[in-house]
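Source file: coords-v3.cif; contents: mmCIF, C-alpha atoms.
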```cif
data_start
#
loop_
_atom_site.group_PDB
_atom_site.id
_atom_site.type_symbol
_atom_site.label_atom_id
_atom_site.label_comp_id
_atom_site.auth_asym_id
_atom_site.auth_seq_id
_atom_site.Cartn_x
_atom_site.Cartn_y
_atom_site.Cartn_z
ATOM 1 C CA MET A 1 -57.068 53.060 -11.288
ATOM 2 C CA ASP A 2 -56.747 53.050 -15.082
ATOM 3 C CA LYS A 3 -57.886 55.653 -17.480
ATOM 4 C CA PRO A 4 -59.668 54.556 -20.638
ATOM 5 C CA GLU A 5 -57.282 53.870 -23.467
ATOM 6 C CA VAL A 6 -57.890 54.209 -27.178
ATOM 7 C CA LEU A 7 -55.289 51.647 -28.180
ATOM 8 C CA ALA A 8 -56.401 48.972 -25.681
ATOM 9 C CA GLY A 9 -58.675 47.366 -28.297
ATOM 10 C CA LEU A 10 -55.716 46.857 -30.621
ATOM 11 C CA ALA A 11 -53.661 44.828 -28.134
ATOM 12 C CA PHE A 12 -52.833 41.320 -29.351
ATOM 13 C CA ASN A 13 -50.698 38.338 -28.474
ATOM 14 C CA LEU A 14 -47.687 37.426 -30.565
ATOM 15 C CA GLY A 15 -47.116 33.851 -29.474
ATOM 16 C CA PRO A 16 -46.263 34.031 -25.764
ATOM 17 C CA VAL A 17 -45.556 37.787 -25.992
ATOM 18 C CA HIS A 18 -48.372 40.176 -25.164
ATOM 19 C CA VAL A 19 -48.241 43.318 -27.284
ATOM 20 C CA GLY A 20 -50.038 45.844 -25.140
ATOM 21 C CA THR A 21 -50.743 49.555 -25.222
ATOM 22 C CA THR A 22 -47.201 50.505 -24.179
ATOM 23 C CA VAL A 23 -45.674 48.878 -27.243
ATOM 24 C CA LEU A 24 -48.458 50.125 -29.508
ATOM 25 C CA THR A 25 -48.017 53.714 -28.297
ATOM 26 C CA THR A 26 -44.267 53.386 -28.840
ATOM 27 C CA TRP A 27 -44.863 52.155 -32.396
ATOM 28 C CA LEU A 28 -47.247 55.027 -33.019
ATOM 29 C CA LEU A 29 -44.614 57.499 -31.814
ATOM 30 C CA MET A 30 -41.873 55.883 -33.849
ATOM 31 C CA ALA A 31 -44.001 55.884 -36.983
ATOM 32 C CA ALA A 32 -45.010 59.522 -36.487
ATOM 33 C CA MET A 33 -41.479 60.775 -35.837
ATOM 34 C CA ALA A 34 -39.775 58.667 -38.494
ATOM 35 C CA GLY A 35 -42.492 59.627 -40.982
ATOM 36 C CA ALA A 36 -42.095 63.331 -40.240
ATOM 37 C CA ALA A 37 -38.311 63.076 -40.502
ATOM 38 C CA TRP A 38 -38.660 61.196 -43.803
ATOM 39 C CA VAL A 39 -40.975 63.839 -45.252
ATOM 40 C CA VAL A 40 -38.542 66.606 -44.289
ATOM 41 C CA ARG A 41 -35.596 64.620 -45.606
ATOM 42 C CA ARG A 42 -37.127 64.322 -49.080
ATOM 43 C CA GLN A 43 -36.919 68.070 -49.601
ATOM 44 C CA LEU A 44 -33.505 68.776 -48.108
ATOM 45 C CA SER A 45 -31.690 71.630 -49.773
ATOM 46 C CA ALA A 46 -28.552 73.577 -48.938
ATOM 47 C CA SER A 47 -29.422 76.702 -50.943
ATOM 48 C CA ALA A 48 -33.106 77.179 -50.073
ATOM 49 C CA PRO A 49 -33.858 75.267 -46.849
ATOM 50 C CA SER A 50 -37.515 74.852 -45.958
ATOM 51 C CA ARG A 51 -38.891 75.905 -42.571
ATOM 52 C CA PRO A 52 -39.088 72.348 -41.122
ATOM 53 C CA GLN A 53 -35.536 71.721 -42.271
ATOM 54 C CA ILE A 54 -34.286 74.812 -40.421
ATOM 55 C CA ALA A 55 -36.199 73.796 -37.296
ATOM 56 C CA LEU A 56 -34.801 70.248 -37.330
ATOM 57 C CA GLU A 57 -31.288 71.505 -38.010
ATOM 58 C CA ALA A 58 -31.602 73.805 -35.002
ATOM 59 C CA VAL A 59 -32.656 70.827 -32.868
ATOM 60 C CA VAL A 60 -29.737 68.712 -34.058
ATOM 61 C CA VAL A 61 -27.260 71.544 -33.482
ATOM 62 C CA ALA A 62 -28.629 72.178 -29.985
ATOM 63 C CA LEU A 63 -28.328 68.458 -29.135
ATOM 64 C CA ARG A 64 -24.806 68.371 -30.485
ATOM 65 C CA VAL A 65 -23.754 71.444 -28.478
ATOM 66 C CA ALA A 66 -25.221 69.941 -25.289
ATOM 67 C CA ILE A 67 -23.348 66.674 -25.888
ATOM 68 C CA GLU A 68 -20.091 68.464 -26.663
ATOM 69 C CA ALA A 69 -20.410 70.388 -23.394
ATOM 70 C CA ALA A 70 -20.437 67.163 -21.356
ATOM 71 C CA ALA A 71 -18.143 65.011 -23.521
ATOM 72 C CA PRO A 72 -15.780 67.299 -25.443
ATOM 73 C CA GLY A 73 -14.811 65.989 -28.853
ATOM 74 C CA ARG A 74 -17.296 63.100 -28.712
ATOM 75 C CA GLY A 75 -20.283 64.813 -30.290
ATOM 76 C CA ALA A 76 -20.271 62.862 -33.536
ATOM 77 C CA PRO A 77 -20.293 59.278 -32.178
ATOM 78 C CA LEU A 78 -22.649 60.016 -29.271
ATOM 79 C CA LEU A 79 -25.209 62.192 -31.073
ATOM 80 C CA PRO A 80 -27.336 59.380 -32.586
ATOM 81 C CA PHE A 81 -27.877 57.514 -29.329
ATOM 82 C CA ILE A 82 -28.203 60.399 -26.868
ATOM 83 C CA GLY A 83 -30.212 62.527 -29.300
ATOM 84 C CA THR A 84 -32.618 59.666 -29.905
ATOM 85 C CA LEU A 85 -33.013 59.147 -26.173
ATOM 86 C CA TRP A 86 -33.805 62.826 -25.606
ATOM 87 C CA ILE A 87 -36.277 63.188 -28.446
ATOM 88 C CA PHE A 88 -37.986 59.838 -27.891
ATOM 89 C CA ILE A 89 -38.403 60.206 -24.126
ATOM 90 C CA ALA A 90 -39.649 63.781 -24.434
ATOM 91 C CA ALA A 91 -42.240 62.700 -27.002
ATOM 92 C CA ALA A 92 -43.154 59.593 -24.998
ATOM 93 C CA ASN A 93 -43.638 61.635 -21.823
ATOM 94 C CA LEU A 94 -45.703 64.291 -23.572
ATOM 95 C CA ILE A 95 -48.001 61.903 -25.438
ATOM 96 C CA GLY A 96 -49.619 61.054 -22.099
ATOM 97 C CA LEU A 97 -51.279 64.487 -22.224
ATOM 98 C CA LEU A 98 -53.433 63.445 -25.171
ATOM 99 C CA PRO A 99 -56.799 62.086 -24.050
ATOM 100 C CA GLY A 100 -57.022 58.314 -24.337
ATOM 101 C CA LEU A 101 -53.281 57.750 -24.521
ATOM 102 C CA ARG A 102 -50.904 56.838 -21.698
ATOM 103 C CA SER A 103 -47.239 57.739 -21.523
ATOM 104 C CA PRO A 104 -45.369 54.574 -22.420
ATOM 105 C CA THR A 105 -42.715 55.774 -19.954
ATOM 106 C CA ALA A 106 -45.230 55.294 -17.124
ATOM 107 C CA ASP A 107 -44.653 51.559 -17.654
ATOM 108 C CA LEU A 108 -41.694 50.045 -15.815
ATOM 109 C CA SER A 109 -40.975 47.649 -18.688
ATOM 110 C CA LEU A 110 -40.152 50.455 -21.102
ATOM 111 C CA THR A 111 -37.961 52.404 -18.699
ATOM 112 C CA VAL A 112 -36.079 49.246 -17.725
ATOM 113 C CA ALA A 113 -35.508 48.550 -21.424
ATOM 114 C CA LEU A 114 -34.163 52.075 -21.944
ATOM 115 C CA ALA A 115 -31.916 51.826 -18.881
ATOM 116 C CA ALA A 116 -30.620 48.459 -20.115
ATOM 117 C CA LEU A 117 -29.813 50.114 -23.451
ATOM 118 C CA VAL A 118 -27.853 52.786 -21.589
ATOM 119 C CA PHE A 119 -26.049 50.087 -19.584
ATOM 120 C CA VAL A 120 -25.051 48.260 -22.772
ATOM 121 C CA SER A 121 -24.072 51.434 -24.601
ATOM 122 C CA VAL A 122 -21.681 52.537 -21.828
ATOM 123 C CA HIS A 123 -19.648 49.427 -22.570
ATOM 124 C CA TRP A 124 -20.252 49.633 -26.319
ATOM 125 C CA PHE A 125 -18.914 53.181 -26.589
ATOM 126 C CA GLY A 126 -16.173 52.488 -24.051
ATOM 127 C CA ILE A 127 -14.890 49.482 -25.998
ATOM 128 C CA ARG A 128 -15.358 51.041 -29.425
ATOM 129 C CA LEU A 129 -13.701 54.361 -28.655
ATOM 130 C CA GLU A 130 -11.014 53.206 -26.222
ATOM 131 C CA GLY A 131 -10.388 49.507 -26.879
ATOM 132 C CA LEU A 132 -11.337 46.453 -24.825
ATOM 133 C CA THR A 133 -8.395 46.299 -22.425
ATOM 134 C CA ALA A 134 -8.455 50.035 -21.698
ATOM 135 C CA HIS A 135 -12.185 49.824 -20.993
ATOM 136 C CA LEU A 136 -11.882 46.807 -18.697
ATOM 137 C CA ARG A 137 -8.939 48.347 -16.897
ATOM 138 C CA HIS A 138 -10.960 51.361 -15.809
ATOM 139 C CA TYR A 139 -12.708 49.121 -13.293
ATOM 140 C CA LEU A 140 -9.369 48.695 -11.541
ATOM 141 C CA TYR A 141 -8.740 52.452 -11.461
ATOM 142 C CA PRO A 142 -7.588 54.051 -9.190
ATOM 143 C CA ASN A 143 -7.239 50.917 -7.062
ATOM 144 C CA PRO A 144 -8.318 47.270 -7.536
ATOM 145 C CA ILE A 145 -9.982 47.402 -4.092
ATOM 146 C CA LEU A 146 -12.693 49.557 -5.667
ATOM 147 C CA LEU A 147 -13.715 46.861 -8.172
ATOM 148 C CA PRO A 148 -16.779 45.664 -6.182
ATOM 149 C CA PHE A 149 -17.997 49.233 -5.823
ATOM 150 C CA HIS A 150 -17.598 49.866 -9.553
ATOM 151 C CA LEU A 151 -19.648 46.741 -10.290
ATOM 152 C CA MET A 152 -22.297 47.625 -7.699
ATOM 153 C CA GLY A 153 -22.502 51.145 -9.101
ATOM 154 C CA GLU A 154 -23.110 49.769 -12.595
ATOM 155 C CA VAL A 155 -26.171 47.860 -11.384
ATOM 156 C CA THR A 156 -27.622 50.418 -8.993
ATOM 157 C CA ARG A 157 -27.334 53.359 -11.359
ATOM 158 C CA THR A 158 -29.109 51.396 -14.089
ATOM 159 C CA LEU A 159 -31.858 50.521 -11.624
ATOM 160 C CA ALA A 160 -32.064 54.136 -10.423
ATOM 161 C CA LEU A 161 -32.267 55.411 -14.004
ATOM 162 C CA SER A 162 -35.254 53.227 -14.821
ATOM 163 C CA VAL A 163 -37.120 53.714 -11.538
ATOM 164 C CA ARG A 164 -36.625 57.507 -11.637
ATOM 165 C CA LEU A 165 -38.283 57.955 -15.023
ATOM 166 C CA PHE A 166 -41.013 55.410 -14.279
ATOM 167 C CA GLY A 167 -41.785 56.821 -10.818
ATOM 168 C CA ASN A 168 -41.974 60.387 -12.041
ATOM 169 C CA MET A 169 -44.245 59.756 -14.984
ATOM 170 C CA MET A 170 -46.481 57.262 -13.198
ATOM 171 C CA SER A 171 -46.886 59.454 -10.132
ATOM 172 C CA LEU A 172 -47.766 62.469 -12.292
ATOM 173 C CA GLU A 173 -50.441 60.533 -14.144
ATOM 174 C CA MET A 174 -51.745 59.061 -10.926
ATOM 175 C CA ALA A 175 -51.827 62.463 -9.200
ATOM 176 C CA ALA A 176 -53.793 64.008 -12.070
ATOM 177 C CA PHE A 177 -56.182 61.062 -12.031
ATOM 178 C CA LEU A 178 -56.728 61.244 -8.279
ATOM 179 C CA VAL A 179 -57.408 64.991 -8.424
ATOM 180 C CA LEU A 180 -59.874 64.290 -11.219
ATOM 181 C CA LEU A 181 -61.641 61.727 -9.046
ATOM 182 C CA VAL A 182 -61.733 63.963 -5.982
ATOM 183 C CA ALA A 183 -62.304 67.436 -7.391
ATOM 184 C CA GLY A 184 -63.919 67.209 -10.814
ATOM 185 C CA VAL A 185 -63.392 67.962 -14.459
ATOM 186 C CA VAL A 186 -61.183 71.072 -14.791
ATOM 187 C CA ALA A 187 -59.294 70.694 -11.514
ATOM 188 C CA PRO A 188 -56.299 68.640 -12.799
ATOM 189 C CA VAL A 189 -55.319 71.299 -15.377
ATOM 190 C CA PRO A 190 -52.575 72.886 -13.186
ATOM 191 C CA LEU A 191 -51.191 69.399 -12.617
ATOM 192 C CA LEU A 192 -51.135 68.883 -16.375
ATOM 193 C CA PHE A 193 -49.055 72.061 -16.769
ATOM 194 C CA LEU A 194 -46.681 70.553 -14.227
ATOM 195 C CA HIS A 195 -46.784 67.383 -16.333
ATOM 196 C CA ILE A 196 -45.453 69.303 -19.359
ATOM 197 C CA VAL A 197 -42.544 70.773 -17.383
ATOM 198 C CA GLU A 198 -41.740 67.528 -15.640
ATOM 199 C CA ALA A 199 -41.928 65.530 -18.885
ATOM 200 C CA LEU A 200 -39.288 67.734 -20.520
ATOM 201 C CA VAL A 201 -37.104 67.869 -17.400
ATOM 202 C CA GLN A 202 -37.183 64.097 -16.969
ATOM 203 C CA ALA A 203 -36.331 63.519 -20.636
ATOM 204 C CA TYR A 204 -33.418 65.951 -20.302
ATOM 205 C CA ILE A 205 -32.207 64.283 -17.128
ATOM 206 C CA PHE A 206 -32.437 60.755 -18.505
ATOM 207 C CA GLY A 207 -30.421 61.660 -21.601
ATOM 208 C CA MET A 208 -27.979 63.756 -19.587
ATOM 209 C CA LEU A 209 -27.338 60.958 -17.086
ATOM 210 C CA ALA A 210 -26.840 58.467 -19.924
ATOM 211 C CA LEU A 211 -24.404 60.925 -21.485
ATOM 212 C CA ILE A 212 -22.562 61.392 -18.192
ATOM 213 C CA TYR A 213 -22.276 57.655 -17.613
ATOM 214 C CA ILE A 214 -20.858 57.178 -21.109
ATOM 215 C CA ALA A 215 -18.584 60.205 -20.829
ATOM 216 C CA GLY A 216 -17.493 59.073 -17.356
ATOM 217 C CA GLY A 217 -16.270 55.792 -18.809
ATOM 218 C CA LEU A 218 -14.433 57.635 -21.574
ATOM 219 C CA GLN A 219 -12.992 60.355 -19.363
ATOM 220 C CA SER A 220 -11.597 57.951 -16.813
ATOM 221 C CA HIS A 221 -9.523 56.447 -19.632
ATOM 222 C CA GLU A 222 -8.195 59.856 -20.561
ATOM 223 C CA LEU A 223 -7.529 60.705 -16.917
ATOM 224 C CA ARG A 224 -5.478 57.554 -16.537
ATOM 225 C CA LYS A 225 -3.537 58.306 -19.715
ATOM 226 C CA GLY A 226 -2.605 61.707 -18.355
ATOM 227 C CA TYR A 227 -1.818 60.210 -14.963
ATOM 228 C CA ARG A 228 0.872 57.884 -16.248
ATOM 229 C CA MET B 229 -61.480 39.286 8.204
ATOM 230 C CA LYS B 230 -59.879 40.530 11.406
ATOM 231 C CA GLU B 231 -56.373 40.181 9.960
ATOM 232 C CA MET B 232 -57.435 41.974 6.804
ATOM 233 C CA THR B 233 -58.557 44.987 8.837
ATOM 234 C CA TRP B 234 -55.181 45.077 10.546
ATOM 235 C CA VAL B 235 -53.351 44.843 7.221
ATOM 236 C CA VAL B 236 -55.352 47.676 5.695
ATOM 237 C CA LEU B 237 -54.991 49.846 8.782
ATOM 238 C CA LEU B 238 -51.282 49.263 9.236
ATOM 239 C CA SER B 239 -50.354 49.583 5.583
ATOM 240 C CA THR B 240 -52.290 52.837 5.270
ATOM 241 C CA LEU B 241 -50.683 54.285 8.387
ATOM 242 C CA GLY B 242 -47.289 52.932 7.349
ATOM 243 C CA GLY B 243 -47.640 54.416 3.876
ATOM 244 C CA LEU B 244 -48.619 57.847 5.177
ATOM 245 C CA ALA B 245 -45.840 57.887 7.775
ATOM 246 C CA THR B 246 -43.286 56.665 5.233
ATOM 247 C CA ILE B 247 -44.079 59.292 2.648
ATOM 248 C CA ALA B 248 -44.137 62.014 5.328
ATOM 249 C CA VAL B 249 -40.733 61.115 6.735
ATOM 250 C CA GLY B 250 -39.210 60.009 3.464
ATOM 251 C CA VAL B 251 -39.852 63.303 1.724
ATOM 252 C CA ILE B 252 -38.345 65.469 4.467
ATOM 253 C CA PHE B 253 -34.727 64.557 3.935
ATOM 254 C CA PRO B 254 -34.607 64.771 0.124
ATOM 255 C CA ALA B 255 -36.369 68.141 0.503
ATOM 256 C CA LEU B 256 -33.733 69.372 2.939
ATOM 257 C CA ALA B 257 -30.974 68.141 0.668
ATOM 258 C CA MET B 258 -32.548 69.739 -2.397
ATOM 259 C CA GLY B 259 -32.921 73.035 -0.593
ATOM 260 C CA ARG B 260 -29.302 72.900 0.430
ATOM 261 C CA ALA B 261 -28.160 72.114 -3.107
ATOM 262 C CA LEU B 262 -30.284 74.967 -4.433
ATOM 263 C CA THR B 263 -28.895 77.524 -1.988
ATOM 264 C CA GLN B 264 -25.350 76.436 -2.789
ATOM 265 C CA ALA B 265 -26.048 76.737 -6.511
ATOM 266 C CA LEU B 266 -27.526 80.220 -6.059
ATOM 267 C CA ASP B 267 -24.501 81.163 -4.010
ATOM 268 C CA ALA B 268 -22.178 79.938 -6.749
ATOM 269 C CA LEU B 269 -24.266 81.769 -9.367
ATOM 270 C CA ALA B 270 -24.024 85.026 -7.450
ATOM 271 C CA ARG B 271 -20.261 84.658 -7.192
ATOM 272 C CA GLN B 272 -19.654 83.510 -10.746
ATOM 273 C CA PRO B 273 -22.503 84.399 -13.095
ATOM 274 C CA GLU B 274 -20.336 83.493 -16.095
ATOM 275 C CA ALA B 275 -20.317 79.807 -15.026
ATOM 276 C CA GLU B 276 -24.115 79.689 -15.288
ATOM 277 C CA ARG B 277 -24.345 76.874 -17.839
ATOM 278 C CA THR B 278 -22.137 74.469 -15.926
ATOM 279 C CA ILE B 279 -23.765 75.275 -12.599
ATOM 280 C CA THR B 280 -27.267 74.840 -13.996
ATOM 281 C CA ARG B 281 -26.413 71.547 -15.643
ATOM 282 C CA THR B 282 -24.776 70.126 -12.553
ATOM 283 C CA LEU B 283 -27.584 71.417 -10.367
ATOM 284 C CA PHE B 284 -30.220 69.746 -12.528
ATOM 285 C CA ILE B 285 -28.419 66.430 -12.424
ATOM 286 C CA GLY B 286 -27.897 66.649 -8.677
ATOM 287 C CA LEU B 287 -31.528 67.556 -8.113
ATOM 288 C CA ALA B 288 -32.564 64.587 -10.236
ATOM 289 C CA MET B 289 -30.424 62.293 -8.098
ATOM 290 C CA LEU B 290 -31.965 63.660 -4.913
ATOM 291 C CA GLU B 291 -35.442 63.615 -6.339
ATOM 292 C CA SER B 292 -35.096 59.954 -7.218
ATOM 293 C CA LEU B 293 -34.732 59.230 -3.491
ATOM 294 C CA ALA B 294 -38.169 60.702 -2.881
ATOM 295 C CA ILE B 295 -39.438 58.771 -5.898
ATOM 296 C CA TYR B 296 -38.147 55.521 -4.389
ATOM 297 C CA VAL B 297 -40.146 56.270 -1.263
ATOM 298 C CA LEU B 298 -43.227 56.916 -3.371
ATOM 299 C CA VAL B 299 -42.798 53.700 -5.347
ATOM 300 C CA ILE B 300 -42.386 51.653 -2.165
ATOM 301 C CA VAL B 301 -45.464 53.276 -0.632
ATOM 302 C CA LEU B 302 -47.506 52.601 -3.763
ATOM 303 C CA ILE B 303 -46.375 48.973 -3.768
ATOM 304 C CA VAL B 304 -47.400 48.577 -0.131
ATOM 305 C CA LEU B 305 -50.753 50.253 -0.715
ATOM 306 C CA PHE B 306 -51.826 48.739 -4.027
ATOM 307 C CA ARG B 307 -49.717 45.639 -4.787
ATOM 308 C CA ASN B 308 -48.708 44.376 -1.373
ATOM 309 C CA PRO B 309 -46.759 41.150 -2.030
ATOM 310 C CA LEU B 310 -47.359 39.945 1.541
ATOM 311 C CA LEU B 311 -51.095 39.731 0.890
ATOM 312 C CA ALA B 312 -50.480 36.456 -0.929
ATOM 313 C CA TYR B 313 -49.916 34.781 2.466
ATOM 314 C CA LEU B 314 -53.155 36.151 3.858
ATOM 315 C CA LEU B 315 -55.636 35.616 1.056
ATOM 316 C CA PRO B 316 -56.831 32.061 0.473
#
```
Spit out the file's structure as structure tokens when you get a sec.
Amino acid sequence: MDKPEVLAGLAFNLGPVHVGTTVLTTWLLMAAMAGAAWVVRRQLSASAPSRPQIALEAVVVALRVAIEAAAPGRGAPLLPFIGTLWIFIAAANLIGLLPGLRSPTADLSLTVALAALVFVSVHWFGIRLEGLTAHLRHYLYPNPILLPFHLMGEVTRTLALSVRLFGNMMSLEMAAFLVLLVAGVVAPVPLLFLHIVEALVQAYIFGMLALIYIAGGLQSHELRKGYR
Amino acid sequence: MKEMTWVVLLSTLGGLATIAVGVIFPALAMGRALTQALDALARQPEAERTITRTLFIGLAMLESLAIYVLVIVLIVLFRNPLLAYLLP
């Protein structure tokens, strides 16, 4: 049930930790994207911007506008994290279309790691932007009886976030593979088109949900301030 | 291998039945959400961005229910944890 992988020969063990294809593909992606960004950054110019610079600026502005729409006034602090999530997950989902490479997001370990990052960053941004006591007090809002449900929601939404991305990407790959087994060489192509759409939609949704969780923590503080 | 036959038979049937039933209700819910969103769009076309964003997020939530069903079915079919009791 596995497709042949180019990077499988490069897998190695780092002490007790196995560095497999998921991590290697992630490193490849990170190197490619950071390298491209570095190349563009070397020739930044305000008077005569190059074509890649204009394209990247458009991307950054679009990300910022999307973040501002969900969390007004919070674009600057949230852009690095949410923007990275969007760009990285979109690239990680799409790289599975290349022959010989698997989407790293079709591995539960990676999606759980991303969801754990989101879980931590909700508290990180909540404490940094609102203060520790204000952040902790939002668990008691509107009523201390709801505390267990708040805590349960924290866990289940993190779990749901990771399983959603993993299930979508893995099932898409598996569906394409099964159609290939059953029907032959060109048959999975429509499924691969679906893969492109679904990869972008899932990246959007993952980032958007992370943004909403973070903004939800922040907004409940503001709500309470207005309430008193 | 009499027990093994039963396990294979029952887990296959269980998987098929689970995915069949488990997809119905998220599909109904998604259809309902979609009709409501179209309704809202027809009434207030100027609120398109907000409606689309909320619709996408809601659809993702609903879709994840179907994905849970799929993950459970795949676990039962390919990585059944109960097999450890059966195999020597």
- [ ] Identify every residue of chain A that has at least one atom within 9 Å of any atom of chain B, counting all atoms listed in the file, and report the result as an NGL selection string.
- [x] :A and (69 or 160-161 or 163-165 or 167-168 or 171 or 201-202 or 205 or 208-209)
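Our summary of the geometry notes that CA of Ala275 in chain B is positioned 21.4 Å from CA of Gly75 in chain A.
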Kindly resolve the PyMOL selection byres ((chain A and resi 31-39) around 12) on the present coordinates and return the residues as a PDB file with C-alpha atoms, in the coordinates of the input.
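selection.pdb was written with the following content:
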```
ATOM      1  CA  LEU A  24     -48.458  50.125 -29.508  1.00  0.00           C
ATOM      2  CA  THR A  25     -48.017  53.714 -28.297  1.00  0.00           C
ATOM      3  CA  THR A  26     -44.267  53.386 -28.840  1.00  0.00           C
ATOM      4  CA  TRP A  27     -44.863  52.155 -32.396  1.00  0.00           C
ATOM      5  CA  LEU A  28     -47.247  55.027 -33.019  1.00  0.00           C
ATOM      6  CA  LEU A  29     -44.614  57.499 -31.814  1.00  0.00           C
ATOM      7  CA  MET A  30     -41.873  55.883 -33.849  1.00  0.00           C
ATOM      8  CA  VAL A  40     -38.542  66.606 -44.289  1.00  0.00           C
ATOM      9  CA  ARG A  41     -35.596  64.620 -45.606  1.00  0.00           C
ATOM     10  CA  ARG A  42     -37.127  64.322 -49.080  1.00  0.00           C
ATOM     11  CA  GLN A  43     -36.919  68.070 -49.601  1.00  0.00           C
ATOM     12  CA  LEU A  44     -33.505  68.776 -48.108  1.00  0.00           C
ATOM     13  CA  SER A  50     -37.515  74.852 -45.958  1.00  0.00           C
ATOM     14  CA  PRO A  52     -39.088  72.348 -41.122  1.00  0.00           C
ATOM     15  CA  GLN A  53     -35.536  71.721 -42.271  1.00  0.00           C
ATOM     16  CA  ALA A  55     -36.199  73.796 -37.296  1.00  0.00           C
ATOM     17  CA  LEU A  56     -34.801  70.248 -37.330  1.00  0.00           C
ATOM     18  CA  GLU A  57     -31.288  71.505 -38.010  1.00  0.00           C
ATOM     19  CA  THR A  84     -32.618  59.666 -29.905  1.00  0.00           C
ATOM     20  CA  ILE A  87     -36.277  63.188 -28.446  1.00  0.00           C
ATOM     21  CA  PHE A  88     -37.986  59.838 -27.891  1.00  0.00           C
ATOM     22  CA  ALA A  90     -39.649  63.781 -24.434  1.00  0.00           C
ATOM     23  CA  ALA A  91     -42.240  62.700 -27.002  1.00  0.00           C
ATOM     24  CA  ALA A  92     -43.154  59.593 -24.998  1.00  0.00           C
ATOM     25  CA  ILE A  95     -48.001  61.903 -25.438  1.00  0.00           C
TER      26      ILE A  95
END
```
TODO: Using only C-alpha atoms, pick whichever of A:Pro188, A:Pro77, A:Gly83, A:Gly217 has the shortest atom-to-atom distance to Gly126 in chain A.
DONE: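 So, comparing all the options, the nearest one is A:Gly217.
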- [ ] Kindly resolve the PyMOL selection byres ((chain B and resi 232) around 12) on the present coordinates and return the residues as a list in words.
- [x] Met229, Lys230, Glu231, Thr233, Trp234, Val235, Val236, Leu237, Leu238, Ser239, Leu310, Leu311, Ala312, Tyr313, Leu314, Leu315 and Pro316 of chain B
If the box runs along x, y and z of the file and leaves 6 Å on each side of range 274-288 of chain B, what are its centre and edge lengths in Å, one decimal, as lines of an AutoDock Vina configuration file?
```
center_x = -26.4
center_y = 74.0
center_z = -13.0
size_x = 24.2
size_y = 30.9
size_z = 21.7
```
Task: Exercise: Gly207 in chain A partners within 7 Å, only C-alpha atoms, chain neighbours under 6 positions left out, as a list in words - done: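 My list of contacting residues is Ile82, Leu85 and Trp86 of chain A.
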Task: Residue with smallest distance to Leu211 in chain A - pool A:Pro190, A:Pro49, A:Pro72, A:Gly9, counting all atoms listed in the file - done: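 Distance minimum relative to Leu211 in chain A lands on A:Pro72.
Pairwise distance (CA of Tyr213 in chain A, CA of Asn143 in chain A) equals 19.6 Å.
Reported to one decimal place, the separation of CA of Leu94 in chain A from CA of Ala199 in chain A is 6.1 Å.
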Task: Neighbour list for Leu269 in chain B as a ChimeraX atom specification, cut-off 9 Å, only C-alpha atoms, skip fewer than 6 positions in-chain - done: /B:275-276,279-280
- [ ] Tell me, as a list in words, which residues lie within 8 Å of range 241-245 of chain B, counting only C-alpha atoms; anything in the same chain fewer than 6 positions away does not count.
- [x] Val301, Leu302, Val304 and Leu305 of chain B
TODO: Would you mind listing what lies within 8 Å of Glu5 in chain A as a PyMOL selection string, with all atoms listed in the file counted and same-chain residues fewer than 3 positions away left out?
DONE: chain A and resi 8+100-102
Starting from the incomplete input, reconstruct N, CA and C atoms of range 256-265 of chain B and write that as a PDB file, in the frame of the given file.
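Saved as result_38.pdb:
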```
ATOM      1  N   LEU B 256     -34.814  68.613   2.300  1.00  0.00           N
ATOM      2  CA  LEU B 256     -33.733  69.372   2.939  1.00  0.00           C
ATOM      3  C   LEU B 256     -32.502  69.400   2.051  1.00  0.00           C
ATOM      4  N   ALA B 257     -32.171  68.223   1.502  1.00  0.00           N
ATOM      5  CA  ALA B 257     -30.974  68.141   0.668  1.00  0.00           C
ATOM      6  C   ALA B 257     -31.123  68.975  -0.587  1.00  0.00           C
ATOM      7  N   MET B 258     -32.332  68.953  -1.183  1.00  0.00           N
ATOM      8  CA  MET B 258     -32.548  69.739  -2.397  1.00  0.00           C
ATOM      9  C   MET B 258     -32.459  71.225  -2.096  1.00  0.00           C
ATOM     10  N   GLY B 259     -33.002  71.631  -0.967  1.00  0.00           N
ATOM     11  CA  GLY B 259     -32.921  73.035  -0.593  1.00  0.00           C
ATOM     12  C   GLY B 259     -31.479  73.464  -0.400  1.00  0.00           C
ATOM     13  N   ARG B 260     -30.704  72.584   0.206  1.00  0.00           N
ATOM     14  CA  ARG B 260     -29.302  72.900   0.430  1.00  0.00           C
ATOM     15  C   ARG B 260     -28.556  73.025  -0.896  1.00  0.00           C
ATOM     16  N   ALA B 261     -28.821  72.061  -1.796  1.00  0.00           N
ATOM     17  CA  ALA B 261     -28.160  72.114  -3.107  1.00  0.00           C
ATOM     18  C   ALA B 261     -28.540  73.398  -3.837  1.00  0.00           C
ATOM     19  N   LEU B 262     -29.814  73.776  -3.724  1.00  0.00           N
ATOM     20  CA  LEU B 262     -30.284  74.967  -4.433  1.00  0.00           C
ATOM     21  C   LEU B 262     -29.624  76.230  -3.884  1.00  0.00           C
ATOM     22  N   THR B 263     -29.529  76.323  -2.545  1.00  0.00           N
ATOM     23  CA  THR B 263     -28.895  77.524  -1.988  1.00  0.00           C
ATOM     24  C   THR B 263     -27.429  77.595  -2.394  1.00  0.00           C
ATOM     25  N   GLN B 264     -26.757  76.424  -2.392  1.00  0.00           N
ATOM     26  CA  GLN B 264     -25.350  76.436  -2.789  1.00  0.00           C
ATOM     27  C   GLN B 264     -25.202  76.868  -4.246  1.00  0.00           C
ATOM     28  N   ALA B 265     -26.131  76.385  -5.094  1.00  0.00           N
ATOM     29  CA  ALA B 265     -26.048  76.737  -6.511  1.00  0.00           C
ATOM     30  C   ALA B 265     -26.294  78.230  -6.695  1.00  0.00           C
TER      31      ALA B 265
END
```
